[in-house]
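S.K.: The file below is protein22.cif, mmCIF, C-alpha atoms and all ligand atoms:
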```cif
data_final
#
loop_
_atom_site.label_atom_id
_atom_site.label_comp_id
_atom_site.auth_asym_id
_atom_site.auth_seq_id
_atom_site.Cartn_x
_atom_site.Cartn_y
_atom_site.Cartn_z
CA MET P 1 -90.36 -60.77 -107.19
CA THR P 2 -86.85 -60.92 -105.90
CA LEU P 3 -85.60 -61.72 -102.46
CA ASN P 4 -83.46 -58.60 -102.44
CA ALA P 5 -86.56 -56.46 -102.84
CA LEU P 6 -87.99 -58.29 -99.84
CA GLY P 7 -85.05 -57.18 -97.73
CA TRP P 8 -82.73 -60.15 -98.23
CA CYS P 9 -79.15 -58.88 -97.96
CA GLU P 10 -75.54 -60.01 -97.81
CA ARG P 11 -75.85 -60.93 -94.17
CA HIS P 12 -78.75 -63.27 -94.90
CA ARG P 13 -76.85 -64.76 -97.81
CA ALA P 14 -73.90 -65.56 -95.55
CA GLU P 15 -76.14 -66.97 -92.82
CA PHE P 16 -78.00 -69.05 -95.34
CA ALA P 17 -75.02 -70.55 -97.21
CA ALA P 18 -74.96 -73.77 -95.20
CA HIS P 19 -78.73 -74.24 -95.59
CA ALA P 20 -78.52 -73.62 -99.32
CA ALA P 21 -75.93 -76.40 -99.45
CA GLU P 22 -78.51 -78.68 -97.84
CA GLY P 23 -80.88 -77.94 -100.67
CA LEU P 24 -83.12 -75.44 -98.87
CA LEU P 25 -84.68 -72.55 -100.72
CA ALA P 26 -84.50 -69.07 -99.17
CA GLY P 27 -87.71 -67.16 -98.65
CA ARG P 28 -89.61 -64.70 -96.50
CA VAL P 29 -92.86 -65.41 -94.67
CA VAL P 30 -95.50 -63.09 -96.16
CA GLY P 31 -98.57 -64.63 -94.57
CA GLU P 32 -99.41 -66.69 -91.54
CA HIS P 33 -102.58 -68.72 -91.35
CA ARG P 34 -104.07 -71.24 -89.03
CA SER P 35 -102.65 -74.25 -90.76
CA HIS P 36 -99.89 -72.96 -92.99
CA TYR P 37 -97.59 -70.15 -94.02
CA ARG P 38 -97.22 -68.29 -97.29
CA VAL P 39 -93.59 -67.88 -98.22
CA ALA P 40 -92.21 -65.70 -101.00
CA THR P 41 -89.09 -67.07 -102.65
CA GLU P 42 -86.99 -65.75 -105.50
CA THR P 43 -89.26 -67.27 -108.09
CA ALA P 44 -92.65 -67.95 -106.54
CA GLU P 45 -94.94 -67.64 -103.57
CA LEU P 46 -95.75 -70.97 -102.00
CA THR P 47 -97.61 -72.60 -99.15
CA ALA P 48 -95.54 -74.29 -96.47
CA GLY P 49 -95.93 -75.87 -93.08
CA ALA P 50 -93.41 -75.81 -90.26
CA THR P 51 -91.50 -79.02 -89.60
CA GLY P 52 -91.84 -80.81 -86.31
CA ARG P 53 -88.23 -79.92 -85.62
CA VAL P 54 -88.93 -76.20 -86.06
CA ARG P 55 -91.93 -76.54 -83.74
CA ASN P 56 -90.05 -78.55 -81.17
CA THR P 57 -87.00 -76.31 -80.99
CA ALA P 58 -89.18 -73.26 -80.32
CA ALA P 59 -88.81 -72.60 -76.59
CA GLN P 60 -91.90 -70.41 -76.66
CA ARG P 61 -94.64 -69.50 -79.05
CA SER P 62 -92.90 -66.35 -80.27
CA ASP P 63 -89.98 -68.46 -81.51
CA LEU P 64 -92.20 -70.07 -84.14
CA PRO P 65 -91.94 -68.67 -87.65
CA GLY P 66 -94.03 -65.56 -88.24
CA VAL P 67 -94.69 -62.87 -90.79
CA GLY P 68 -91.44 -61.20 -91.83
CA ASP P 69 -89.18 -64.11 -90.94
CA PHE P 70 -86.50 -65.15 -93.39
CA VAL P 71 -86.68 -68.91 -93.69
CA GLY P 72 -85.28 -71.94 -95.46
CA VAL P 73 -87.89 -74.05 -97.22
CA ARG P 74 -87.69 -77.60 -98.43
CA LEU P 75 -89.80 -77.85 -101.55
CA ALA P 76 -92.55 -80.43 -101.78
CA VAL P 77 -91.75 -83.61 -103.60
CA GLY P 78 -94.65 -85.43 -105.18
CA ASP P 79 -97.81 -84.96 -103.16
CA GLY P 80 -96.04 -83.80 -100.01
CA ALA P 81 -96.18 -80.29 -98.62
CA SER P 82 -93.31 -77.81 -98.65
CA THR P 83 -91.88 -77.18 -95.20
CA ILE P 84 -90.07 -74.46 -93.34
CA GLU P 85 -86.95 -76.15 -91.99
CA VAL P 86 -85.06 -73.21 -90.57
CA VAL P 87 -85.69 -69.64 -89.40
CA LEU P 88 -82.79 -67.20 -89.74
CA PRO P 89 -81.89 -65.05 -86.72
CA ARG P 90 -84.18 -62.02 -86.48
CA THR P 91 -82.85 -58.48 -86.58
CA THR P 92 -85.98 -57.22 -84.79
CA ALA P 93 -89.06 -58.88 -83.34
CA LEU P 94 -92.35 -57.21 -82.44
CA ILE P 95 -93.69 -59.35 -79.66
CA ARG P 96 -96.93 -59.14 -77.77
CA LYS P 97 -96.07 -59.87 -74.17
CA ALA P 98 -97.43 -62.79 -72.26
CA SER P 99 -100.54 -62.00 -70.26
CA GLY P 100 -102.44 -64.39 -68.05
CA GLU P 101 -102.17 -67.78 -69.60
CA ARG P 102 -101.22 -66.47 -72.95
CA GLN P 103 -97.72 -66.96 -74.24
CA PRO P 104 -95.76 -64.18 -75.85
CA GLN P 105 -96.73 -63.92 -79.49
CA LEU P 106 -94.72 -62.74 -82.45
CA LEU P 107 -96.52 -59.99 -84.33
CA ALA P 108 -93.86 -59.42 -86.99
CA ALA P 109 -90.20 -60.15 -87.52
CA ASN P 110 -87.40 -58.19 -89.18
CA VAL P 111 -89.30 -54.93 -89.23
CA ASP P 112 -86.95 -51.96 -89.63
CA VAL P 113 -89.41 -49.18 -88.89
CA VAL P 114 -92.84 -49.19 -87.28
CA PHE P 115 -95.45 -46.58 -88.12
CA ILE P 116 -97.54 -46.01 -85.01
CA VAL P 117 -100.69 -44.83 -86.73
CA THR P 118 -103.14 -42.67 -84.86
CA ALA P 119 -106.01 -40.50 -86.07
CA ALA P 120 -106.45 -36.79 -85.47
CA ASP P 121 -110.23 -36.92 -85.34
CA SER P 122 -110.65 -39.10 -82.30
CA ASP P 123 -109.55 -38.26 -78.80
CA LEU P 124 -105.84 -38.34 -78.66
CA ASN P 125 -104.83 -41.25 -76.49
CA LEU P 126 -101.32 -40.42 -75.32
CA PRO P 127 -100.95 -43.37 -72.89
CA ARG P 128 -101.78 -45.70 -75.72
CA ILE P 129 -99.14 -44.12 -77.92
CA GLU P 130 -96.68 -44.56 -75.08
CA ARG P 131 -97.48 -48.27 -74.88
CA TYR P 132 -97.01 -48.64 -78.61
CA LEU P 133 -93.70 -46.81 -78.31
CA ALA P 134 -92.50 -49.15 -75.60
CA LEU P 135 -93.49 -52.17 -77.65
CA VAL P 136 -91.67 -50.85 -80.72
CA ARG P 137 -88.54 -49.81 -78.85
CA GLU P 138 -88.34 -53.25 -77.28
CA SER P 139 -88.54 -54.84 -80.71
CA GLY P 140 -85.41 -53.11 -81.96
CA ALA P 141 -87.29 -51.31 -84.74
CA ALA P 142 -87.39 -47.52 -85.07
CA PRO P 143 -90.73 -45.90 -84.18
CA VAL P 144 -92.32 -43.24 -86.38
CA ILE P 145 -95.59 -41.64 -85.37
CA VAL P 146 -98.09 -41.07 -88.15
CA LEU P 147 -100.95 -38.75 -87.28
CA ASN P 148 -103.55 -39.58 -89.91
CA LYS P 149 -106.77 -37.76 -90.86
CA ALA P 150 -105.07 -34.40 -90.46
CA ASP P 151 -107.89 -33.07 -92.62
CA LEU P 152 -110.25 -33.58 -89.67
CA ALA P 153 -108.00 -32.08 -87.00
CA GLU P 154 -108.87 -28.87 -85.22
CA ASP P 155 -105.29 -27.94 -84.47
CA VAL P 156 -102.72 -30.23 -86.04
CA ASP P 157 -99.70 -28.36 -84.72
CA GLU P 158 -100.91 -28.56 -81.16
CA THR P 159 -101.55 -32.29 -81.51
CA ILE P 160 -98.09 -32.81 -82.95
CA ARG P 161 -96.59 -30.93 -80.01
CA GLU P 162 -98.46 -33.08 -77.52
CA ILE P 163 -97.29 -36.27 -79.18
CA ALA P 164 -93.70 -35.08 -79.56
CA ALA P 165 -93.59 -34.34 -75.85
CA ILE P 166 -94.17 -37.98 -74.94
CA ALA P 167 -92.18 -39.42 -77.83
CA PRO P 168 -88.71 -37.90 -77.70
CA GLY P 169 -86.61 -38.97 -80.64
CA ALA P 170 -89.51 -40.33 -82.68
CA PRO P 171 -90.41 -38.40 -85.83
CA VAL P 172 -94.05 -37.30 -86.03
CA HIS P 173 -95.77 -36.86 -89.41
CA ALA P 174 -99.22 -35.43 -89.95
CA ILE P 175 -100.85 -36.85 -93.06
CA SER P 176 -104.16 -37.48 -94.72
CA ALA P 177 -104.01 -40.96 -96.16
CA ARG P 178 -107.30 -40.62 -97.97
CA GLY P 179 -106.30 -37.31 -99.49
CA ARG P 180 -102.73 -38.50 -100.13
CA GLU P 181 -101.46 -35.48 -98.26
CA GLY P 182 -98.10 -35.59 -96.56
CA ILE P 183 -97.47 -39.12 -97.72
CA GLU P 184 -94.27 -38.32 -99.62
CA ALA P 185 -92.57 -37.66 -96.30
CA LEU P 186 -93.07 -41.31 -95.43
CA GLU P 187 -91.24 -42.59 -98.51
CA GLN P 188 -87.83 -42.14 -96.86
CA TYR P 189 -88.53 -44.99 -94.43
CA PHE P 190 -88.79 -47.52 -97.26
CA ALA P 191 -85.44 -46.61 -98.81
CA ARG P 192 -83.05 -49.51 -99.49
CA SER P 193 -85.77 -52.17 -99.34
CA LYS P 194 -86.67 -51.49 -95.73
CA THR P 195 -89.62 -53.20 -94.07
CA VAL P 196 -92.16 -50.97 -92.35
CA GLY P 197 -94.78 -52.36 -89.98
CA PHE P 198 -98.09 -50.56 -89.35
CA ILE P 199 -99.51 -50.65 -85.87
CA GLY P 200 -102.57 -48.89 -84.48
CA SER P 201 -106.18 -49.19 -83.49
CA SER P 202 -108.87 -50.22 -85.88
CA GLY P 203 -110.29 -47.32 -87.87
CA VAL P 204 -107.25 -45.02 -87.81
CA GLY P 205 -106.62 -45.65 -91.50
CA LYS P 206 -103.94 -48.33 -91.72
CA SER P 207 -105.59 -50.09 -94.65
CA THR P 208 -106.09 -46.81 -96.48
CA LEU P 209 -102.45 -45.90 -95.91
CA THR P 210 -101.29 -49.37 -96.97
CA ASN P 211 -103.20 -49.08 -100.22
CA GLU P 212 -101.96 -45.54 -100.89
CA MET P 213 -98.37 -46.52 -100.24
CA LEU P 214 -98.65 -49.62 -102.40
CA GLY P 215 -100.45 -47.83 -105.21
CA ARG P 216 -103.09 -50.55 -105.30
CA ALA P 217 -106.04 -51.79 -103.28
CA ALA P 218 -104.42 -54.63 -101.38
CA GLN P 219 -106.19 -54.23 -98.05
CA ALA P 220 -109.91 -53.91 -97.60
CA THR P 221 -110.70 -50.60 -95.90
CA GLN P 222 -113.50 -50.21 -93.40
CA GLU P 223 -116.07 -49.23 -96.05
CA VAL P 224 -115.24 -52.33 -98.01
CA ARG P 225 -115.16 -54.51 -94.93
CA ALA P 226 -118.60 -53.23 -93.92
CA HIS P 227 -120.05 -54.25 -97.26
CA ASP P 228 -118.63 -57.69 -97.05
CA SER P 229 -120.98 -60.14 -95.40
CA ARG P 230 -118.12 -62.02 -93.87
CA GLY P 231 -116.66 -58.88 -92.39
CA ARG P 232 -112.96 -59.06 -92.81
CA HIS P 233 -109.94 -60.04 -94.80
CA THR P 234 -111.55 -61.71 -97.72
CA THR P 235 -109.26 -60.82 -100.54
CA THR P 236 -105.84 -61.01 -99.02
CA HIS P 237 -103.97 -64.06 -97.90
CA ARG P 238 -101.05 -61.95 -97.14
CA GLN P 239 -99.79 -59.64 -94.45
CA LEU P 240 -96.47 -58.60 -95.94
CA PHE P 241 -96.73 -56.52 -99.09
CA LEU P 242 -93.93 -55.74 -101.50
CA ARG P 243 -94.06 -52.22 -102.90
CA SER P 244 -93.20 -51.76 -106.56
CA GLN P 245 -91.58 -48.49 -105.47
CA GLY P 246 -89.32 -50.41 -103.07
CA GLY P 247 -89.60 -51.68 -99.53
CA CYS P 248 -92.24 -53.76 -97.79
CA ILE P 249 -95.27 -53.11 -95.59
CA ILE P 250 -96.36 -55.46 -92.83
CA ASP P 251 -99.94 -55.04 -91.66
CA THR P 252 -101.12 -58.03 -89.67
CA PRO P 253 -104.38 -58.54 -87.78
CA GLY P 254 -102.33 -58.95 -84.60
CA MET P 255 -100.96 -55.44 -84.92
CA ARG P 256 -104.39 -53.90 -85.13
CA GLY P 257 -104.74 -52.12 -81.92
CA LEU P 258 -106.32 -52.67 -78.59
CA GLU P 259 -106.21 -56.40 -78.91
CA LEU P 260 -102.52 -55.97 -78.23
CA TRP P 261 -103.37 -55.60 -74.59
CA ASN P 262 -106.74 -57.23 -74.31
CA ALA P 263 -107.06 -60.86 -73.52
CA ALA P 264 -109.25 -61.36 -76.54
CA GLU P 265 -107.34 -63.64 -78.83
CA ASN P 266 -107.24 -62.64 -82.41
CA ALA P 267 -110.31 -64.73 -82.84
CA GLY P 268 -111.91 -65.75 -86.05
CA ASN P 269 -109.33 -65.63 -88.78
CA ASP P 270 -112.23 -66.76 -90.86
CA PHE P 271 -111.14 -69.29 -93.36
CA ASP P 272 -107.69 -68.06 -94.13
CA ASP P 273 -106.41 -71.62 -94.20
CA ILE P 274 -108.91 -72.72 -96.83
CA GLU P 275 -108.53 -69.57 -98.87
CA GLY P 276 -104.78 -70.05 -98.78
CA LEU P 277 -105.16 -73.58 -100.08
CA ALA P 278 -107.68 -72.39 -102.67
CA THR P 279 -105.01 -70.30 -104.37
CA GLY P 280 -103.70 -73.66 -105.55
CA CYS P 281 -106.99 -74.73 -107.16
CA LYS P 282 -106.98 -75.04 -110.90
CA PHE P 283 -110.01 -72.81 -111.24
CA ARG P 284 -110.13 -69.43 -109.63
CA ASN P 285 -113.82 -69.74 -108.81
CA CYS P 286 -113.47 -73.34 -107.67
CA ARG P 287 -116.26 -74.33 -105.28
CA HIS P 288 -114.14 -77.19 -103.90
CA ASP P 289 -116.93 -79.53 -104.82
CA SER P 290 -116.25 -81.70 -107.84
CA GLU P 291 -113.98 -79.44 -109.88
CA PRO P 292 -110.82 -81.02 -111.23
CA GLY P 293 -107.51 -79.83 -109.77
CA CYS P 294 -109.04 -78.73 -106.46
CA ALA P 295 -106.25 -78.08 -103.96
CA VAL P 296 -108.68 -77.82 -101.06
CA ARG P 297 -110.18 -81.27 -101.51
CA ALA P 298 -106.66 -82.59 -102.07
CA ALA P 299 -105.75 -81.23 -98.62
CA VAL P 300 -108.75 -83.00 -97.12
CA GLY P 301 -107.63 -86.16 -98.85
CA ARG P 302 -104.15 -85.83 -97.36
CA GLY P 303 -105.60 -85.24 -93.92
CA ASP P 304 -104.25 -81.66 -93.80
CA LEU P 305 -107.73 -80.17 -93.59
CA GLU P 306 -110.77 -81.45 -91.74
CA ALA P 307 -113.68 -82.34 -93.99
CA LYS P 308 -115.96 -80.75 -91.39
CA ARG P 309 -114.16 -77.45 -91.72
CA LEU P 310 -114.49 -77.48 -95.49
CA ALA P 311 -118.19 -78.24 -95.08
CA SER P 312 -118.76 -75.21 -92.85
CA TYR P 313 -116.75 -73.05 -95.22
CA VAL P 314 -118.92 -74.12 -98.13
CA LYS P 315 -122.01 -73.49 -96.04
CA PHE P 316 -121.00 -69.96 -95.11
CA SER P 317 -119.62 -68.84 -98.42
CA SER P 318 -121.99 -67.22 -100.82
CA PRO P 319 -121.90 -68.14 -104.49
CA LEU P 320 -120.88 -64.58 -105.32
CA ARG P 321 -117.88 -64.69 -103.16
CA ALA P 322 -115.56 -66.45 -105.60
CA SER P 323 -112.32 -64.77 -104.67
CA PRO P 324 -110.27 -62.80 -107.14
CA ARG P 325 -106.80 -64.08 -107.72
P1 LIG S 401 -107.95 -49.35 -90.44
O1 LIG S 401 -108.99 -50.07 -89.64
O2 LIG S 401 -106.89 -48.76 -89.57
O3 LIG S 401 -107.37 -50.19 -91.54
O4 LIG S 401 -108.67 -48.12 -91.11
P2 LIG S 401 -109.24 -47.90 -92.61
O5 LIG S 401 -108.10 -47.73 -93.55
O6 LIG S 401 -110.22 -48.96 -92.92
O7 LIG S 401 -109.93 -46.48 -92.46
C1 LIG S 401 -110.99 -46.27 -91.55
C2 LIG S 401 -111.85 -45.14 -92.06
O8 LIG S 401 -111.11 -43.91 -92.03
C3 LIG S 401 -112.29 -45.31 -93.47
O9 LIG S 401 -113.60 -44.85 -93.57
C4 LIG S 401 -111.35 -44.43 -94.28
O10 LIG S 401 -111.90 -43.98 -95.50
C5 LIG S 401 -111.14 -43.30 -93.31
N1 LIG S 401 -109.87 -42.58 -93.55
C6 LIG S 401 -108.65 -43.11 -93.77
N2 LIG S 401 -107.74 -42.15 -93.94
C7 LIG S 401 -108.39 -40.96 -93.81
C8 LIG S 401 -107.98 -39.58 -93.90
O11 LIG S 401 -106.81 -39.25 -94.11
N3 LIG S 401 -108.94 -38.65 -93.68
C9 LIG S 401 -110.24 -38.98 -93.43
N4 LIG S 401 -111.11 -37.99 -93.26
N5 LIG S 401 -110.66 -40.25 -93.38
C10 LIG S 401 -109.75 -41.24 -93.55
ZN ZN S 402 -110.98 -75.99 -105.06
#
```
Since I need it in another form, could you write the structure as structure tokens?

M.R.:
Amino acid sequence: MTLNALGWCERHRAEFAAHAAEGLLAGRVVGEHRSHYRVATETAELTAGATGRVRNTAAQRSDLPGVGDFVGVRLAVGDGASTIEVVLPRTTALIRKASGERQPQLLAANVDVVFIVTAADSDLNLPRIERYLALVRESGAAPVIVLNKADLAEDVDETIREIAAIAPGAPVHAISARGREGIEALEQYFARSKTVGFIGSSGVGKSTLTNEMLGRAAQATQEVRAHDSRGRHTTTHRQLFLRSQGGCIIDTPGMRGLELWNAAENAGNDFDDIEGLATGCKFRNCRHDSEPGCAVRAAVGRGDLEAKRLASYVKFSSPLRASPR
């Protein structure tokens, strides 16, 4: 893993010089969880918290570090935790607007292109596409409309025409993610280590497309999610994926559809925090009970994780669920 592949460029290097002199390590946030971040650096992926200073200087919630941010990390010494000390200026920011009492929320940072994914089998929802377009244009990223499940469409060309009429200037691609049809046309958007964000309602095929474009099963698709007793996101602690073919994909729960406008908070991230910590356990199938080298119990010991929370995690996790690493 190299930072350049993650989109780090000369501009970042220049911006970061002073922080490097202070001993900070450059990285990119690849996962955001309830209690911590996952940050990819030149040499390793690590868990980090945000410093009080980072939290206090954020004028609003969307100023806090988020997936896609380039950050400076101070590495842990001894038993301490690594911390994000600085967030570099963002080139783009996908932000869910404030609504009611909710503050604006960062969905993803430094995204160059956003695929607005929609499916050809369901009723075409043009107003929804327009709202996505507005959100993407406001972010500074370039919108691309991906009409998935073309294999199920009655009249693909007509659908493309309808979309193009409300999306002047945005390319429209009809594909079949499951059949890998039309996917090559999407490769151009990843050129030169670009970051592409996927946005769209649940069920349109974002996970399938992510996996096809990564060449590996990184995201659980709906079939897999349905077979998983806990429902969602069990295998991945990550929302930013580096492609071996170049470029990155960001697919975060927050970008999954209707919830963008509904009041429903992105509830129930399950136990992302514990599973994130568990990647540091000595044993991959650690039950966080009495195993040596358990990073989860260590976090409880430090006061970073509530013992109660660990107890309910243990209660709800089945013995078969030992997560692959
Ligand atoms: P997500 O919720 O947006 O991540 O959607 P998934 O990737 O989980 O896909 C939802 C369902 O659509 C799954 O059953 C997929 O197998 C199916 N699917 C995805 N892409 C295609 C496609 O191109 N054609 C068809 N017919 N089905 C697809
Ligand atoms: Zn453990």

S.K.: Using only C-alpha atoms, which of P:Ala170, P:Glu130, P:Val314, P:Met213 sits nearest Glu184 of chain P?

M.R.: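 With only C-alpha atoms as the atom set, the closest residue is P:Met213.
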
S.K.: Out of P:Ala191, P:Ala298, P:Leu135, P:Ala120, which residue has the shortest atom-to-atom distance to ligand LIG 401 (chain S) when counting all atoms listed in the file?

M.R.: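 For ligand LIG 401 (chain S), the nearest of the given residues is P:Ala120.
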
S.K.: At what distance in Å, to one decimal, does atom CA of Ala50 of chain P lie from atom CA of Glu85 of chain P?

M.R.: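 That distance, rounded to one decimal, is 6.7 Å.
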
S.K.: Once you add 3 Å to each side, what are the centre and edge lengths of the axis-aligned box holding all listed atoms of ligand LIG 401 (chain S)? One decimal in Å, as AutoDock Vina command-line options, if you can.

M.R.:
```
--center_x -110.2 --center_y -44.1 --center_z -92.5 --size_x 12.8 --size_y 18.2 --size_z 11.9
```

S.K.: Segment 131-133 of chain P: which residues within 12 Å, counting only C-alpha atoms, same-chain residues fewer than 4 positions away excluded, as a PDB file with C-alpha atoms, keeping the file's coordinate frame?

M.R.:
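Just written: part.pdb:
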```pdb
ATOM      1  CA  LEU P  94     -92.350 -57.210 -82.440  1.00  0.00           C
ATOM      2  CA  ILE P  95     -93.690 -59.350 -79.660  1.00  0.00           C
ATOM      3  CA  ARG P  96     -96.930 -59.140 -77.770  1.00  0.00           C
ATOM      4  CA  LYS P  97     -96.070 -59.870 -74.170  1.00  0.00           C
ATOM      5  CA  VAL P 113     -89.410 -49.180 -88.890  1.00  0.00           C
ATOM      6  CA  VAL P 114     -92.840 -49.190 -87.280  1.00  0.00           C
ATOM      7  CA  PHE P 115     -95.450 -46.580 -88.120  1.00  0.00           C
ATOM      8  CA  ILE P 116     -97.540 -46.010 -85.010  1.00  0.00           C
ATOM      9  CA  VAL P 117    -100.690 -44.830 -86.730  1.00  0.00           C
ATOM     10  CA  THR P 118    -103.140 -42.670 -84.860  1.00  0.00           C
ATOM     11  CA  ASN P 125    -104.830 -41.250 -76.490  1.00  0.00           C
ATOM     12  CA  LEU P 126    -101.320 -40.420 -75.320  1.00  0.00           C
ATOM     13  CA  PRO P 127    -100.950 -43.370 -72.890  1.00  0.00           C
ATOM     14  CA  ARG P 137     -88.540 -49.810 -78.850  1.00  0.00           C
ATOM     15  CA  GLU P 138     -88.340 -53.250 -77.280  1.00  0.00           C
ATOM     16  CA  SER P 139     -88.540 -54.840 -80.710  1.00  0.00           C
ATOM     17  CA  GLY P 140     -85.410 -53.110 -81.960  1.00  0.00           C
ATOM     18  CA  ALA P 141     -87.290 -51.310 -84.740  1.00  0.00           C
ATOM     19  CA  ALA P 142     -87.390 -47.520 -85.070  1.00  0.00           C
ATOM     20  CA  PRO P 143     -90.730 -45.900 -84.180  1.00  0.00           C
ATOM     21  CA  VAL P 144     -92.320 -43.240 -86.380  1.00  0.00           C
ATOM     22  CA  ILE P 145     -95.590 -41.640 -85.370  1.00  0.00           C
ATOM     23  CA  ILE P 163     -97.290 -36.270 -79.180  1.00  0.00           C
ATOM     24  CA  ALA P 164     -93.700 -35.080 -79.560  1.00  0.00           C
ATOM     25  CA  ILE P 166     -94.170 -37.980 -74.940  1.00  0.00           C
ATOM     26  CA  ALA P 167     -92.180 -39.420 -77.830  1.00  0.00           C
ATOM     27  CA  PRO P 168     -88.710 -37.900 -77.700  1.00  0.00           C
ATOM     28  CA  GLY P 169     -86.610 -38.970 -80.640  1.00  0.00           C
ATOM     29  CA  ALA P 170     -89.510 -40.330 -82.680  1.00  0.00           C
ATOM     30  CA  PRO P 171     -90.410 -38.400 -85.830  1.00  0.00           C
ATOM     31  CA  PHE P 198     -98.090 -50.560 -89.350  1.00  0.00           C
ATOM     32  CA  ILE P 199     -99.510 -50.650 -85.870  1.00  0.00           C
ATOM     33  CA  GLY P 200    -102.570 -48.890 -84.480  1.00  0.00           C
ATOM     34  CA  SER P 201    -106.180 -49.190 -83.490  1.00  0.00           C
ATOM     35  CA  MET P 255    -100.960 -55.440 -84.920  1.00  0.00           C
ATOM     36  CA  ARG P 256    -104.390 -53.900 -85.130  1.00  0.00           C
ATOM     37  CA  GLY P 257    -104.740 -52.120 -81.920  1.00  0.00           C
ATOM     38  CA  LEU P 258    -106.320 -52.670 -78.590  1.00  0.00           C
ATOM     39  CA  LEU P 260    -102.520 -55.970 -78.230  1.00  0.00           C
ATOM     40  CA  TRP P 261    -103.370 -55.600 -74.590  1.00  0.00           C
TER      41      TRP P 261
END
```

S.K.: Have a look at atom CA of Ala58 of chain P and atom CA of Val77 of chain P and let me know their distance in Å, one decimal.

M.R.: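 Between atom CA of Ala58 of chain P and atom CA of Val77 of chain P the gap works out to 25.6 Å.
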
S.K.: Restricting the calculation to all atoms listed in the file, which member of P:Thr252, P:Pro104, P:Lys206, P:Leu240 is positioned closest to Leu6 of chain P?

M.R.: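 Checking each candidate against Leu6 of chain P, we get P:Leu240 as the closest.
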
S.K.: For each of P:Asp273, P:Glu158, P:Asp151, P:Asp289, take the minimum atom-to-atom distance to ligand ZN 402 (chain S), counting only C-alpha atoms and all ligand atoms, then give the residue where this is smallest.

M.R.: P:Asp289

S.K.: Looking at only C-alpha atoms and all ligand atoms, which of P:Ala299, P:Ala150, P:Ala5, P:Ala20 is the one that sits closest to ligand ZN 402 (chain S)?

M.R.: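 Selected residue with least distance to ligand ZN 402 (chain S): P:Ala299.
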
S.K.: For the interface of chain P with ligand ZN 402 (chain S) (cut-off 12 Å, counting all atoms listed in the file), please tabulate each contacting residue of chain P alongside its nearest pair of atoms and their separation in Å to one decimal, rows sorted by chain and increasing number, as JSON lines.

M.R.:
```
{"residue": "P:Ile274", "atom": "CA", "partner": "S:ZN402", "partner_atom": "ZN", "distance": 9.1}
{"residue": "P:Glu275", "atom": "CA", "partner": "S:ZN402", "partner_atom": "ZN", "distance": 9.2}
{"residue": "P:Gly276", "atom": "CA", "partner": "S:ZN402", "partner_atom": "ZN", "distance": 10.6}
{"residue": "P:Leu277", "atom": "CA", "partner": "S:ZN402", "partner_atom": "ZN", "distance": 8.0}
{"residue": "P:Ala278", "atom": "CA", "partner": "S:ZN402", "partner_atom": "ZN", "distance": 5.4}
{"residue": "P:Thr279", "atom": "CA", "partner": "S:ZN402", "partner_atom": "ZN", "distance": 8.3}
{"residue": "P:Gly280", "atom": "CA", "partner": "S:ZN402", "partner_atom": "ZN", "distance": 7.7}
{"residue": "P:Cys281", "atom": "CA", "partner": "S:ZN402", "partner_atom": "ZN", "distance": 4.7}
{"residue": "P:Lys282", "atom": "CA", "partner": "S:ZN402", "partner_atom": "ZN", "distance": 7.1}
{"residue": "P:Phe283", "atom": "CA", "partner": "S:ZN402", "partner_atom": "ZN", "distance": 7.0}
{"residue": "P:Arg284", "atom": "CA", "partner": "S:ZN402", "partner_atom": "ZN", "distance": 8.0}
{"residue": "P:Asn285", "atom": "CA", "partner": "S:ZN402", "partner_atom": "ZN", "distance": 7.8}
{"residue": "P:Cys286", "atom": "CA", "partner": "S:ZN402", "partner_atom": "ZN", "distance": 4.5}
{"residue": "P:Arg287", "atom": "CA", "partner": "S:ZN402", "partner_atom": "ZN", "distance": 5.5}
{"residue": "P:His288", "atom": "CA", "partner": "S:ZN402", "partner_atom": "ZN", "distance": 3.6}
{"residue": "P:Asp289", "atom": "CA", "partner": "S:ZN402", "partner_atom": "ZN", "distance": 6.9}
{"residue": "P:Ser290", "atom": "CA", "partner": "S:ZN402", "partner_atom": "ZN", "distance": 8.3}
{"residue": "P:Glu291", "atom": "CA", "partner": "S:ZN402", "partner_atom": "ZN", "distance": 6.6}
{"residue": "P:Pro292", "atom": "CA", "partner": "S:ZN402", "partner_atom": "ZN", "distance": 8.0}
{"residue": "P:Gly293", "atom": "CA", "partner": "S:ZN402", "partner_atom": "ZN", "distance": 7.0}
{"residue": "P:Cys294", "atom": "CA", "partner": "S:ZN402", "partner_atom": "ZN", "distance": 3.6}
{"residue": "P:Ala295", "atom": "CA", "partner": "S:ZN402", "partner_atom": "ZN", "distance": 5.3}
{"residue": "P:Val296", "atom": "CA", "partner": "S:ZN402", "partner_atom": "ZN", "distance": 5.0}
{"residue": "P:Arg297", "atom": "CA", "partner": "S:ZN402", "partner_atom": "ZN", "distance": 6.4}
{"residue": "P:Ala298", "atom": "CA", "partner": "S:ZN402", "partner_atom": "ZN", "distance": 8.4}
{"residue": "P:Ala299", "atom": "CA", "partner": "S:ZN402", "partner_atom": "ZN", "distance": 9.8}
{"residue": "P:Val300", "atom": "CA", "partner": "S:ZN402", "partner_atom": "ZN", "distance": 10.8}
{"residue": "P:Leu310", "atom": "CA", "partner": "S:ZN402", "partner_atom": "ZN", "distance": 10.3}
{"residue": "P:Tyr313", "atom": "CA", "partner": "S:ZN402", "partner_atom": "ZN", "distance": 11.8}
{"residue": "P:Val314", "atom": "CA", "partner": "S:ZN402", "partner_atom": "ZN", "distance": 10.7}
{"residue": "P:Ala322", "atom": "CA", "partner": "S:ZN402", "partner_atom": "ZN", "distance": 10.6}
{"residue": "P:Ser323", "atom": "CA", "partner": "S:ZN402", "partner_atom": "ZN", "distance": 11.3}
```
